[in-house]
Amino acid sequence: MKMNQNWWKILTVLLLLYTCIAGFLFTTPRLPILNESIRNLYFHVPMWFGMILILTASVVYSVLYLRNQKPIEDIRASQAAQVGVFWGILGLLTGMIWAHYTWGKAWSNDVKQTSSAIALLIYLAYFILRDTIKDEQKKAGISAVYNIYAYAAMIPLLFILPRLTDSLHPGNGGNPGFNAYDLDSNMRLVFYPAILAWTLLGWWIFTIKVRYIKVKNYLISKN
């Protein structure tokens, strides 16, 4: 029975091993400027996918809290937001490493870089807000509303604004995306499993954090 419940965790480990091994050893297109840095596609982009999916779960939990006022939904929303933002920071850092080798410097004030940083700062304000409110019910309610706002702000910052202005980033500012010219069949064999691997790892961390908070609250209530 336990094996049936944990199958996705085993899958996560296997996919991560495959992503890391194949990501560094499988052949990739030899493209000008990108060269071997294209392997960052297996880490940078999937982490952003994971961030978006986990933050989507976070905002769903916030909506559920506003509907039923159950404290567990607030716990899930806040912990998912923490994991999502952490994945976003990793995505930003891996993107800066990639930019260093392809654009000449880690931070070039590209619109996609700037809008991504703003989106993360908006979410960081969410955690500051939670820390400043002592009443648990008020904290949960205000945080849920802010979380919905943060998610609504993130979408245009990441997906609309960069497409309307000049950008060095693939798929933005008139630049073709990777899929259009260099994501060959060998890369797809690693890229798609990598998205699933990093998303599942983020979800695994989220479940651990939720269980930790539940145990902590239980022990506090007993003392």
# chains A, B, ... in the order shown; residues from 1 in each chain; ligands from 1
>>> select_by_dssp(residues="range 13-219 of chain A", states="helix (DSSP H, G or I)", output="VMD selection string")
chain A and resid 13 to 25 35 to 42 44 to 68 71 to 102 111 to 132 136 to 164 178 to 181 185 to 219
>>> closest_atom_pairs(of="range 192-218 of chain A", to="range 36-57 of chain A", cutoff="12 Å", atoms="only C-alpha atoms", output="JSON lines")
{"residue": "A:Tyr192", "atom": "CA", "partner": "A:Pro46", "partner_atom": "CA", "distance": 8.2}
{"residue": "A:Pro193", "atom": "CA", "partner": "A:Tyr42", "partner_atom": "CA", "distance": 9.0}
{"residue": "A:Ala194", "atom": "CA", "partner": "A:Tyr42", "partner_atom": "CA", "distance": 5.9}
{"residue": "A:Ile195", "atom": "CA", "partner": "A:Pro46", "partner_atom": "CA", "distance": 4.3}
{"residue": "A:Leu196", "atom": "CA", "partner": "A:Pro46", "partner_atom": "CA", "distance": 7.8}
{"residue": "A:Ala197", "atom": "CA", "partner": "A:Pro46", "partner_atom": "CA", "distance": 8.3}
{"residue": "A:Trp198", "atom": "CA", "partner": "A:Met47", "partner_atom": "CA", "distance": 6.0}
{"residue": "A:Thr199", "atom": "CA", "partner": "A:Gly50", "partner_atom": "CA", "distance": 4.2}
{"residue": "A:Leu200", "atom": "CA", "partner": "A:Gly50", "partner_atom": "CA", "distance": 7.9}
{"residue": "A:Leu201", "atom": "CA", "partner": "A:Gly50", "partner_atom": "CA", "distance": 8.8}
{"residue": "A:Gly202", "atom": "CA", "partner": "A:Gly50", "partner_atom": "CA", "distance": 6.9}
{"residue": "A:Trp203", "atom": "CA", "partner": "A:Ile54", "partner_atom": "CA", "distance": 7.1}
{"residue": "A:Trp204", "atom": "CA", "partner": "A:Ile54", "partner_atom": "CA", "distance": 10.8}
{"residue": "A:Ile205", "atom": "CA", "partner": "A:Ile54", "partner_atom": "CA", "distance": 10.8}
{"residue": "A:Phe206", "atom": "CA", "partner": "A:Ile54", "partner_atom": "CA", "distance": 8.8}
{"residue": "A:Thr207", "atom": "CA", "partner": "A:Ile54", "partner_atom": "CA", "distance": 11.5}
>>> write_last_selection(atoms="N, CA and C atoms", output="CSV table (one decimal), in the first residue's frame")
chain,number,residue,atom,x,y,z
A,192,TYR,N,11.3,17.5,-21.9
A,192,TYR,CA,9.9,17.2,-21.3
A,192,TYR,C,10.0,16.4,-20.0
A,193,PRO,N,10.8,15.4,-19.9
A,193,PRO,CA,10.9,14.7,-18.6
A,193,PRO,C,11.5,15.7,-17.5
A,194,ALA,N,12.3,16.6,-17.9
A,194,ALA,CA,12.9,17.6,-17.0
A,194,ALA,C,11.8,18.5,-16.4
A,195,ILE,N,10.9,18.9,-17.2
A,195,ILE,CA,9.8,19.7,-16.7
A,195,ILE,C,9.0,18.9,-15.6
A,196,LEU,N,8.7,17.7,-15.9
A,196,LEU,CA,8.0,16.8,-14.9
A,196,LEU,C,8.8,16.6,-13.7
A,197,ALA,N,10.1,16.4,-13.9
A,197,ALA,CA,11.0,16.1,-12.7
A,197,ALA,C,11.1,17.2,-11.8
A,198,TRP,N,11.4,18.4,-12.3
A,198,TRP,CA,11.5,19.6,-11.4
A,198,TRP,C,10.2,20.0,-10.7
A,199,THR,N,9.1,19.8,-11.5
A,199,THR,CA,7.8,20.1,-10.9
A,199,THR,C,7.4,19.1,-9.8
A,200,LEU,N,7.7,17.9,-10.0
A,200,LEU,CA,7.4,16.8,-9.0
A,200,LEU,C,8.3,17.0,-7.8
A,201,LEU,N,9.5,17.4,-8.0
A,201,LEU,CA,10.4,17.7,-6.8
A,201,LEU,C,9.9,18.8,-6.0
A,202,GLY,N,9.4,19.9,-6.7
A,202,GLY,CA,8.8,21.0,-5.9
A,202,GLY,C,7.6,20.6,-5.2
A,203,TRP,N,6.8,19.8,-5.8
A,203,TRP,CA,5.6,19.3,-5.1
A,203,TRP,C,5.9,18.4,-3.9
A,204,TRP,N,6.9,17.6,-4.1
A,204,TRP,CA,7.4,16.8,-3.0
A,204,TRP,C,7.8,17.6,-1.8
A,205,ILE,N,8.6,18.6,-2.0
A,205,ILE,CA,9.1,19.5,-1.0
A,205,ILE,C,7.9,20.2,-0.3
A,206,PHE,N,6.9,20.6,-1.2
A,206,PHE,CA,5.7,21.2,-0.6
A,206,PHE,C,4.9,20.3,0.3
A,207,THR,N,4.8,19.0,0.0
A,207,THR,CA,4.1,18.1,0.9
A,207,THR,C,4.8,17.9,2.2
>>> residues_around(residues="Ile142 in chain A", least_positions_apart="5", cutoff="9 Å", atoms="only C-alpha atoms", output="PyMOL selection string")
chain A and resi 129-130+137+147
>>> write_last_selection(atoms="N, CA and C atoms", output="PDB file, in the first residue's frame")
ATOM      1  N   LEU A 129       4.147  40.417   4.446  1.00  0.00           N
ATOM      2  CA  LEU A 129       2.796  40.709   4.908  1.00  0.00           C
ATOM      3  C   LEU A 129       2.338  39.693   5.948  1.00  0.00           C
ATOM      4  N   ARG A 130       2.601  38.434   5.685  1.00  0.00           N
ATOM      5  CA  ARG A 130       2.189  37.387   6.624  1.00  0.00           C
ATOM      6  C   ARG A 130       2.880  37.549   7.977  1.00  0.00           C
ATOM      7  N   GLN A 137      -6.461  34.382  11.819  1.00  0.00           N
ATOM      8  CA  GLN A 137      -7.574  34.420  10.867  1.00  0.00           C
ATOM      9  C   GLN A 137      -7.453  35.609   9.921  1.00  0.00           C
ATOM     10  N   ASN A 147      -2.351  36.973  -2.309  1.00  0.00           N
ATOM     11  CA  ASN A 147      -1.813  35.899  -3.142  1.00  0.00           C
ATOM     12  C   ASN A 147      -2.486  35.880  -4.511  1.00  0.00           C
TER      13      ASN A 147
END
>>> residues_around(residues="Ala152 in chain A", least_positions_apart="4", cutoff="12 Å", atoms="only C-alpha atoms", output="list in words")
Ile52, Leu55, Thr56, Val59, Ala119, Ile122, Tyr123, Val145, Tyr146, Asn147, Ile148, Pro156, Leu157, Leu158, Phe159 and Ile160 of chain A
>>> write_last_selection(atoms="N, CA and C atoms", output="PDB file, in the first residue's frame")
ATOM      1  N   ILE A  52       5.618  28.152 -11.976  1.00  0.00           N
ATOM      2  CA  ILE A  52       4.281  28.583 -12.395  1.00  0.00           C
ATOM      3  C   ILE A  52       3.218  27.585 -11.935  1.00  0.00           C
ATOM      4  N   LEU A  55       2.873  27.784  -8.060  1.00  0.00           N
ATOM      5  CA  LEU A  55       2.202  29.015  -7.670  1.00  0.00           C
ATOM      6  C   LEU A  55       0.733  28.995  -8.080  1.00  0.00           C
ATOM      7  N   THR A  56       0.414  28.282  -9.152  1.00  0.00           N
ATOM      8  CA  THR A  56      -0.992  28.092  -9.526  1.00  0.00           C
ATOM      9  C   THR A  56      -1.717  27.304  -8.445  1.00  0.00           C
ATOM     10  N   VAL A  59      -2.399  29.634  -5.458  1.00  0.00           N
ATOM     11  CA  VAL A  59      -3.530  30.550  -5.593  1.00  0.00           C
ATOM     12  C   VAL A  59      -4.856  29.792  -5.524  1.00  0.00           C
ATOM     13  N   ALA A 119       8.152  40.260 -10.417  1.00  0.00           N
ATOM     14  CA  ALA A 119       7.159  39.266 -10.015  1.00  0.00           C
ATOM     15  C   ALA A 119       7.581  38.563  -8.727  1.00  0.00           C
ATOM     16  N   ILE A 122       7.152  40.889  -5.740  1.00  0.00           N
ATOM     17  CA  ILE A 122       5.744  40.968  -5.330  1.00  0.00           C
ATOM     18  C   ILE A 122       5.390  39.798  -4.428  1.00  0.00           C
ATOM     19  N   TYR A 123       5.913  38.613  -4.771  1.00  0.00           N
ATOM     20  CA  TYR A 123       5.646  37.441  -3.934  1.00  0.00           C
ATOM     21  C   TYR A 123       6.412  37.510  -2.613  1.00  0.00           C
ATOM     22  N   VAL A 145      -6.086  37.039  -0.255  1.00  0.00           N
ATOM     23  CA  VAL A 145      -6.420  38.077  -1.235  1.00  0.00           C
ATOM     24  C   VAL A 145      -5.151  38.574  -1.939  1.00  0.00           C
ATOM     25  N   TYR A 146      -4.098  38.808  -1.156  1.00  0.00           N
ATOM     26  CA  TYR A 146      -2.841  39.291  -1.743  1.00  0.00           C
ATOM     27  C   TYR A 146      -2.245  38.240  -2.679  1.00  0.00           C
ATOM     28  N   ASN A 147      -2.351  36.973  -2.309  1.00  0.00           N
ATOM     29  CA  ASN A 147      -1.813  35.899  -3.142  1.00  0.00           C
ATOM     30  C   ASN A 147      -2.486  35.880  -4.511  1.00  0.00           C
ATOM     31  N   ILE A 148      -3.782  36.107  -4.528  1.00  0.00           N
ATOM     32  CA  ILE A 148      -4.511  36.168  -5.799  1.00  0.00           C
ATOM     33  C   ILE A 148      -4.016  37.358  -6.626  1.00  0.00           C
ATOM     34  N   PRO A 156       0.866  38.770 -16.532  1.00  0.00           N
ATOM     35  CA  PRO A 156       1.293  39.752 -17.551  1.00  0.00           C
ATOM     36  C   PRO A 156       2.778  40.100 -17.484  1.00  0.00           C
ATOM     37  N   LEU A 157       3.355  40.066 -16.281  1.00  0.00           N
ATOM     38  CA  LEU A 157       4.777  40.382 -16.153  1.00  0.00           C
ATOM     39  C   LEU A 157       5.650  39.357 -16.877  1.00  0.00           C
ATOM     40  N   LEU A 158       5.256  38.089 -16.815  1.00  0.00           N
ATOM     41  CA  LEU A 158       6.075  37.033 -17.418  1.00  0.00           C
ATOM     42  C   LEU A 158       5.706  36.719 -18.856  1.00  0.00           C
ATOM     43  N   PHE A 159       4.439  36.856 -19.214  1.00  0.00           N
ATOM     44  CA  PHE A 159       3.990  36.344 -20.507  1.00  0.00           C
ATOM     45  C   PHE A 159       3.491  37.399 -21.487  1.00  0.00           C
ATOM     46  N   ILE A 160       3.152  38.590 -21.013  1.00  0.00           N
ATOM     47  CA  ILE A 160       2.595  39.599 -21.917  1.00  0.00           C
ATOM     48  C   ILE A 160       3.575  40.749 -22.145  1.00  0.00           C
TER      49      ILE A 160
END
>>> atom_distance(atom1="CA of Ala81 in chain A", atom2="CA of Leu164 in chain A")
27.6 Å
